[in-house]
Amino acid sequence: MGSLGWEMAMLVLGASALSMAIFAMPLTPYSGANASSSNNGPSQGLLEALWEALNNRSFLLLTAGFYVCGFQLAFVTVHMPAYLRDLGFDPWLGTWSIAVIGLCNVIGSYVAGIVSGKYSKSLVLGIIYFVRALSIVVFMLLPTSTFSVLGFSVLLGLFWLATVPPTSGLIAVLFGTRYMALLYGVVFLSHQIGSFCGVLLGGVLYEMNGSYDVVWWLSAVLALIASILHWPIKEQPVQRLAAA
């Protein structure tokens with residue numbers, strides 16, 4: 001953006017998004033439509049699958065937790081640079097903070113996928129949200145410095161989208177893979193609503209209080225609540241699959 005302007009940066013971003021669609025096309029033979037029925041149980045329609053999920057407590061708890069994930073991620077992504085600028089730091093620190101989060105996210109998401117395949121996925125999610133809450137609390141209590149910002153960015157990045165592998169894995173365990181895209185889409189919709197609220201509240205509360213502190217503490221509280229919500233999740237197939 002500094003070299004070419006935001007218009008060219010958006011074009012580059014658009015080209016990257018287009019490449020995702022192109023590279024996804026060869027994956028269509030592996031879609032749910034071609035999945036064997038061995039792990040999907042009796043035949044089920046789309047609306048039946050949706051109704052089954054919306055009446056499942058574990059699915060609703062998972063959906064609520066993903067709302068918190070979206071709230072935190074979008075708030076930090078949008079408001080972190082402005083927060084640091086208000087504290088008197090140079091703009092480069094805000095940029096590096098987001099970049100470090102993105103880099104560490106690659107590592108964290110990969111490791112979360114491996115760990116989720118070996119241990120309880122709901123337990124992994126509970127730990128992730130608890131660490132997020134703890135990291136925000138420590139970040140707010142410590143004196144803000146370049147070191148604390150980058151250290152917080154590393155820790156938050158490691159647990160950034162580490163929620164995705166255990167979340168999607170839980171959906172497959174609970175309901176099978178036939179309507180995996182639909183059901184994960186419902187959970188992800190909650191994530192995006194949380195993202196909207198995180199960005200909006202960040203701006204509204206800043207205008208009201210002249211500070212982002214309230215939203216930071218709210219993010220920590222929500223993360224703690226999300227951690228607690230994942231403990232009652234039953235990591236077992238629904239009755240339809242268990243009977244099969």
# chains A, B, ... in the order shown; residues from 1 in each chain; ligands from 1
>>> residues_around(residues="region 43-48 of chain A", least_positions_apart="5", cutoff="9 Å", atoms="only C-alpha atoms", output="JSON, numbers by chain")
{"A": [37, 53, 178, 179, 182]}
>>> write_last_selection(atoms="N, CA, C and O atoms", output="PDB file, in the first residue's frame")
ATOM      1  N   SER A  37     -21.445 -43.562   2.366  1.00  0.00           N
ATOM      2  CA  SER A  37     -22.472 -43.436   3.397  1.00  0.00           C
ATOM      3  C   SER A  37     -22.072 -44.106   4.699  1.00  0.00           C
ATOM      4  O   SER A  37     -22.819 -44.073   5.662  1.00  0.00           O
ATOM      5  N   ALA A  53     -29.195 -30.425  13.559  1.00  0.00           N
ATOM      6  CA  ALA A  53     -28.085 -29.677  14.158  1.00  0.00           C
ATOM      7  C   ALA A  53     -28.590 -28.582  15.084  1.00  0.00           C
ATOM      8  O   ALA A  53     -28.071 -28.393  16.187  1.00  0.00           O
ATOM      9  N   ARG A 178     -21.677 -35.715   5.288  1.00  0.00           N
ATOM     10  CA  ARG A 178     -22.554 -35.482   4.142  1.00  0.00           C
ATOM     11  C   ARG A 178     -22.927 -34.008   3.997  1.00  0.00           C
ATOM     12  O   ARG A 178     -22.905 -33.441   2.911  1.00  0.00           O
ATOM     13  N   TYR A 179     -23.294 -33.351   5.097  1.00  0.00           N
ATOM     14  CA  TYR A 179     -23.676 -31.939   5.054  1.00  0.00           C
ATOM     15  C   TYR A 179     -22.682 -31.079   5.834  1.00  0.00           C
ATOM     16  O   TYR A 179     -23.052 -30.093   6.469  1.00  0.00           O
ATOM     17  N   LEU A 182     -22.611 -27.335   4.810  1.00  0.00           N
ATOM     18  CA  LEU A 182     -23.782 -26.597   5.289  1.00  0.00           C
ATOM     19  C   LEU A 182     -23.658 -26.287   6.778  1.00  0.00           C
ATOM     20  O   LEU A 182     -23.833 -25.135   7.206  1.00  0.00           O
TER      21      LEU A 182
END
>>> residues_around(residues="Ala181 (chain A)", least_positions_apart="4", cutoff="12 Å", atoms="only C-alpha atoms", output="list of chain:residue names")
A:Ser31, A:Gly32, A:Ala33, A:Leu46, A:Ala49, A:Leu50, A:Ser168, A:Gly169, A:Ile171, A:Ala172, A:Phe175, A:Gly176, A:Thr177, A:Gly185, A:Val186, A:Val187, A:Phe188, A:Leu189
>>> select_by_dssp(residues="region 148-190 of chain A", states="helix (DSSP H, G or I)", output="PyMOL selection string")
chain A and resi 148-158+164-175+180-190
>>> residues_around(residues="Gly102 (chain A)", least_positions_apart="2", cutoff="12 Å", atoms="only C-alpha atoms", output="number ranges by chain")
A: 73, 76-77, 95-100, 104-109, 153-162
>>> write_last_selection(atoms="N, CA, C and O atoms", output="short mmCIF file (atom, residue, chain, number, x, y, z; two decimals), in the first residue's frame")
data_model
loop_
_atom_site.label_atom_id
_atom_site.label_comp_id
_atom_site.auth_asym_id
_atom_site.auth_seq_id
_atom_site.Cartn_x
_atom_site.Cartn_y
_atom_site.Cartn_z
N LEU A 73 -11.08 -11.81 16.73
CA LEU A 73 -10.21 -11.71 15.56
C LEU A 73 -10.44 -10.42 14.79
O LEU A 73 -9.49 -9.72 14.43
N VAL A 76 -9.27 -7.22 16.79
CA VAL A 76 -7.82 -7.03 16.79
C VAL A 76 -7.33 -6.61 15.41
O VAL A 76 -6.52 -5.69 15.27
N THR A 77 -7.82 -7.28 14.38
CA THR A 77 -7.37 -6.98 13.02
C THR A 77 -7.63 -5.53 12.63
O THR A 77 -6.78 -4.86 12.04
N THR A 95 1.42 -2.53 12.04
CA THR A 95 1.54 -3.37 10.85
C THR A 95 2.25 -4.68 11.17
O THR A 95 1.81 -5.77 10.78
N TRP A 96 3.36 -4.57 11.90
CA TRP A 96 4.11 -5.77 12.27
C TRP A 96 3.32 -6.65 13.21
O TRP A 96 3.45 -7.89 13.16
N SER A 97 2.52 -6.07 14.05
CA SER A 97 1.71 -6.86 14.97
C SER A 97 0.76 -7.78 14.19
O SER A 97 0.70 -8.99 14.46
N ILE A 98 0.06 -7.22 13.21
CA ILE A 98 -0.86 -8.03 12.41
C ILE A 98 -0.10 -9.05 11.57
O ILE A 98 -0.53 -10.20 11.40
N ALA A 99 1.07 -8.66 11.05
CA ALA A 99 1.87 -9.57 10.24
C ALA A 99 2.38 -10.75 11.06
O ALA A 99 2.36 -11.90 10.61
N VAL A 100 2.83 -10.48 12.28
CA VAL A 100 3.31 -11.55 13.16
C VAL A 100 2.17 -12.50 13.53
O VAL A 100 2.35 -13.72 13.57
N CYS A 104 2.34 -16.52 12.71
CA CYS A 104 2.19 -17.52 13.77
C CYS A 104 0.90 -18.31 13.61
O CYS A 104 0.81 -19.46 14.08
N ASN A 105 -0.09 -17.72 12.95
CA ASN A 105 -1.34 -18.42 12.70
C ASN A 105 -1.11 -19.67 11.84
O ASN A 105 -1.80 -20.69 12.02
N VAL A 106 -0.18 -19.60 10.91
CA VAL A 106 0.12 -20.77 10.06
C VAL A 106 0.57 -21.93 10.93
O VAL A 106 0.12 -23.07 10.77
N ILE A 107 1.45 -21.64 11.87
CA ILE A 107 1.97 -22.67 12.77
C ILE A 107 0.87 -23.18 13.70
O ILE A 107 0.67 -24.39 13.86
N GLY A 108 0.15 -22.25 14.31
CA GLY A 108 -0.87 -22.63 15.27
C GLY A 108 -1.98 -23.46 14.67
O GLY A 108 -2.43 -24.44 15.28
N SER A 109 -2.44 -23.10 13.48
CA SER A 109 -3.52 -23.86 12.84
C SER A 109 -3.07 -25.27 12.48
O SER A 109 -3.83 -26.23 12.64
N SER A 153 1.38 -10.63 20.10
CA SER A 153 1.04 -11.00 18.73
C SER A 153 1.43 -12.45 18.42
O SER A 153 0.69 -13.18 17.75
N VAL A 154 2.58 -12.87 18.92
CA VAL A 154 3.02 -14.25 18.72
C VAL A 154 2.04 -15.20 19.40
O VAL A 154 1.56 -16.18 18.80
N LEU A 155 1.73 -14.93 20.67
CA LEU A 155 0.85 -15.81 21.43
C LEU A 155 -0.55 -15.85 20.83
O LEU A 155 -1.14 -16.92 20.65
N LEU A 156 -1.09 -14.68 20.50
CA LEU A 156 -2.42 -14.63 19.91
C LEU A 156 -2.45 -15.29 18.54
O LEU A 156 -3.41 -15.98 18.19
N GLY A 157 -1.37 -15.10 17.77
CA GLY A 157 -1.30 -15.72 16.45
C GLY A 157 -1.31 -17.23 16.51
O GLY A 157 -1.94 -17.90 15.68
N LEU A 158 -0.63 -17.81 17.49
CA LEU A 158 -0.58 -19.26 17.63
C LEU A 158 -1.97 -19.84 17.90
O LEU A 158 -2.25 -21.00 17.57
N PHE A 159 -2.85 -19.03 18.52
CA PHE A 159 -4.20 -19.50 18.84
C PHE A 159 -5.26 -18.76 18.02
O PHE A 159 -6.43 -18.78 18.37
N TRP A 160 -4.85 -18.14 16.95
CA TRP A 160 -5.71 -17.28 16.13
C TRP A 160 -6.82 -18.08 15.45
O TRP A 160 -7.98 -18.02 15.83
N LEU A 161 -6.46 -18.86 14.43
CA LEU A 161 -7.43 -19.74 13.77
C LEU A 161 -7.17 -21.20 14.12
O LEU A 161 -7.58 -22.11 13.39
N ALA A 162 -6.52 -21.41 15.26
CA ALA A 162 -6.35 -22.78 15.76
C ALA A 162 -7.71 -23.37 16.14
O ALA A 162 -7.83 -24.58 16.34
#
